[in-house]
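Asker: If you scroll down you'll find the structure; I have some questions about it.
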Amino acid sequence: MIPPAFDYHAPKSVGEAIALLGRLGQDAKILAGGHSLLPMMKLRFAQPAHLIDINRIPELRGICEDGADIVIGAMTVENDLIASPLLQAKVPLLAEAPKLIGDPQVRNRGTLGGDIAHGDPGNDHPAISLALDAAFVLQGPKGTRQVKADDFFHGTYMTALAEDELLLAVRVPAFAAGTGWAYEKLKRKTGDWATAGAAVVMRMNAGVVSHVRIALTNVAPMAIRVKDAETALIGQPVNASTLAAAAQAAMAQCDPAEDLRGDIAYKTAMAGQMVRRALQAAAARCR
């Protein structure tokens, strides 16, 4: 299908983009990589009167170090995450996980910020950002604020981002020495959304888990952090018993929607399996 008519805007600065958002209000949508918005427009599920293309704003791209944090511009594309020596050294989960997203063409256009701001439970970066304890830098007419990933996702396509705000950057704490990490994703074919996915960041001390964050993709109305599964592991070794306990606790928090990827029972079971795999892979990297 062909989308309905809309006015196209191409601001060249953050200030100009925010001014447009403030003036146009709920009739406007931000265009980043376009992989989510444009298909919805073609199907007429989304019918914005105004499209604000932020691809010409250079300060929204790039990866840098700021104290103990790594800061990634919201318009940084997946392939730039994969290729970044800084991410490979400081936050390797953010360099490796995008290899499971889409295909090379998608990764060359799809952006970190677009994946997060859309609020789709099937997108990968929301769960990854929860596991990484990320914070999102938002700017609107009232100034700049930071929102932790734990507080950002409210439901399907619902986030803490206000209609007149722009996601500027993602701030992620650099990994401490000995941090293990993994993102395990079950999908039907290359380029597909996850049937279920699990992101894990973990540290161990004297053979037991001292820190762990676990988050799930596409098994609830939004990406979720499974704190009961984390609690089951803290102070415990990683073995068959504790893996089973963590997987069971994660499954208890799942609330997936039935679709072509599987029914509720199957998706819930696969979430448990992804948690097991991610925990095992992360534990193997703890050194």
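Here, A, B, ... name the chains of the structure tokens in the order displayed, residue numbers run from 1 inside each chain, and ligands are numbered from 1 in the same displayed order.
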Find the residues near segment 32-45 of chain A: any atom within 6 Å, counting only C-alpha atoms, skip ones fewer than 6 places away on the same chain, and give them as a count of residues only.

Answerer: 7

Asker: Using DSSP assignments from the backbone, pull out every residue in segment 146-267 of chain A that falls under helix (DSSP H, G or I) and give it to me as a short mmCIF file (atom, residue, chain, number, x, y, z; two decimals) with C-alpha atoms, in the first residue's frame.

Answerer:
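Written output follows (out.cif):
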data_model
loop_
_atom_site.label_atom_id
_atom_site.label_comp_id
_atom_site.auth_asym_id
_atom_site.auth_seq_id
_atom_site.Cartn_x
_atom_site.Cartn_y
_atom_site.Cartn_z
CA ALA A 149 16.20 1.88 31.09
CA ASP A 150 14.43 0.31 34.09
CA ASP A 151 11.95 3.23 34.04
CA PHE A 152 11.70 3.86 30.30
CA LYS A 227 14.51 -9.66 38.97
CA ASP A 228 13.28 -12.92 40.55
CA ALA A 229 15.62 -14.82 38.25
CA GLU A 230 18.47 -12.54 39.30
CA THR A 231 17.67 -13.13 42.97
CA ALA A 232 17.79 -16.89 42.42
CA LEU A 233 21.41 -16.57 41.30
CA ALA A 240 22.28 -27.14 36.70
CA SER A 241 20.21 -26.43 39.81
CA THR A 242 20.63 -22.66 39.84
CA LEU A 243 20.18 -22.41 36.08
CA ALA A 244 16.89 -24.29 36.39
CA ALA A 245 15.75 -22.02 39.24
CA ALA A 246 16.62 -18.86 37.28
CA ALA A 247 14.91 -20.13 34.13
CA GLN A 248 11.77 -21.06 36.08
CA ALA A 249 11.68 -17.65 37.76
CA ALA A 250 12.07 -15.92 34.38
CA MET A 251 9.30 -17.99 32.82
CA ALA A 252 6.97 -17.04 35.68
CA ILE A 264 2.02 -18.80 24.84
CA ALA A 265 3.36 -22.05 26.30
CA TYR A 266 6.00 -22.44 23.59
CA LYS A 267 7.23 -18.85 23.83
#

Asker: Select from segment 170-221 of chain A everything DSSP, run on the backbone, classes as strand (DSSP E), then give the selection as a count of residues only.

Answerer: 31

Asker: Which one of A:Arg56, A:Ala284, A:Cys254, A:Thr76 sits closest to Gly180 of chain A if you count only C-alpha atoms?

Answerer: A:Ala284

Asker: Contacts of Cys286 of chain A at 8 Å or less, counting only C-alpha atoms, minus same-chain residues fewer than 4 places along, as a tab-separated table (two decimals) with C-alpha atoms, in the first residue's frame?

Answerer:
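What landed in out-v9.tsv:
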chain	number	residue	atom	x	y	z
A	178	GLY	CA	35.71	-9.94	34.91
A	179	THR	CA	32.23	-9.09	33.58
A	180	GLY	CA	30.48	-11.81	31.60
A	202	MET	CA	27.08	-10.97	35.15
A	203	ARG	CA	30.04	-10.91	37.52
A	204	MET	CA	31.30	-13.68	39.78
A	282	ALA	CA	27.98	-15.13	30.38

Asker: Just give me the gap between atom CA of Ile70 of chain A and atom CA of Ala174 of chain A in Å, one decimal is fine.

Answerer: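 So the two atoms, atom CA of Ile70 of chain A and atom CA of Ala174 of chain A, lie 6.1 Å apart.
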
Asker: If you count only C-alpha atoms, which residues fall within 7 Å of Tyr157 of chain A, apart from same-chain ones fewer than 6 positions away, as a list in words?

Answerer: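 My list of contacting residues is His118, Gly119 and Asp120 of chain A.
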
Asker: Within 8 Å of segment 124-132 of chain A, which residues of segment 202-271 of chain A show up? Give each one with its shortest atom-to-atom distance in Å (one decimal) and the two atoms involved, counting only C-alpha atoms, rows by chain then rising residue number, as CSV.

Answerer:
residue,atom,partner,partner_atom,distance
A:Arg213,CA,A:Ala131,CA,5.0
A:Ile214,CA,A:Ala131,CA,5.5
A:Ala215,CA,A:Ala127,CA,5.1
A:Leu216,CA,A:Ala127,CA,5.5
A:Thr217,CA,A:Ala127,CA,5.7
A:Ala223,CA,A:Ala127,CA,5.2
A:Ile224,CA,A:Ala127,CA,6.6
A:Arg225,CA,A:Leu130,CA,6.5

Asker: Which residues of segment 164-183 of chain A come within 10 Å of segment 57-60 of chain A, and for each one, what is the closest pair of atoms and their distance in Å to one decimal, counting only C-alpha atoms, sorted by chain and residue number, as a tab-separated table?

Answerer:
residue	atom	partner	partner_atom	distance
A:Leu167	CA	A:Leu60	CA	8.9
A:Leu168	CA	A:Leu60	CA	6.0
A:Ala169	CA	A:Leu60	CA	7.0

Asker: I'd like the interatomic distance between atom CA of Ala97 of chain A and atom CA of Ala283 of chain A, to a tenth of an Å.

Answerer: 16.7 Å

Asker: Need to verify the contact set: Arg107 of chain A, 9 Å, only C-alpha atoms, exclusion of same-chain residues closer than 3 positions in sequence. Can you return it as a VMD selection string?

Answerer: chain A and resid 77 to 80 98 to 99 101 to 104 110 to 111

Asker: Using only C-alpha atoms, which of the listed residues (A:Ala220, A:Ala68, A:Ala198, A:Ala162) sits closest to Gly25 of chain A?

Answerer: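 Going through A:Ala220, A:Ala68, A:Ala198, A:Ala162 one by one, the smallest distance to Gly25 of chain A is for A:Ala162.
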
Asker: Excluding same-chain residues fewer than 3 positions from Leu87 of chain A, what lies within 10 Å of it counting only C-alpha atoms, as a PDB file with C-alpha atoms, in the first residue's frame?

Answerer:
ATOM      1  CA  ILE A  63      30.512   6.653  20.173  1.00  0.00           C
ATOM      2  CA  CYS A  64      32.735   8.148  22.863  1.00  0.00           C
ATOM      3  CA  GLU A  65      33.918   7.647  26.428  1.00  0.00           C
ATOM      4  CA  ILE A  70      30.293   4.930  27.107  1.00  0.00           C
ATOM      5  CA  VAL A  71      27.987   7.346  25.262  1.00  0.00           C
ATOM      6  CA  ILE A  72      26.391   6.312  21.978  1.00  0.00           C
ATOM      7  CA  ASP A  80      28.873   1.134  13.652  1.00  0.00           C
ATOM      8  CA  LEU A  81      28.211  -0.580  16.977  1.00  0.00           C
ATOM      9  CA  ILE A  82      29.630  -3.823  15.611  1.00  0.00           C
ATOM     10  CA  ALA A  83      32.746  -2.114  14.225  1.00  0.00           C
ATOM     11  CA  SER A  84      33.499   0.087  17.255  1.00  0.00           C
ATOM     12  CA  LYS A  90      34.509  -1.609  27.058  1.00  0.00           C
ATOM     13  CA  VAL A  91      30.977  -2.969  26.395  1.00  0.00           C
ATOM     14  CA  PRO A  92      31.397  -5.990  24.103  1.00  0.00           C
ATOM     15  CA  LEU A  93      27.735  -7.007  24.438  1.00  0.00           C
ATOM     16  CA  LEU A  94      26.814  -3.883  22.428  1.00  0.00           C
ATOM     17  CA  ALA A  95      29.293  -4.843  19.709  1.00  0.00           C
ATOM     18  CA  GLU A  96      28.228  -8.494  19.453  1.00  0.00           C
ATOM     19  CA  ALA A 174      31.769   0.389  30.963  1.00  0.00           C
ATOM     20  CA  PHE A 175      32.173  -3.208  32.057  1.00  0.00           C
TER      21      PHE A 175
END
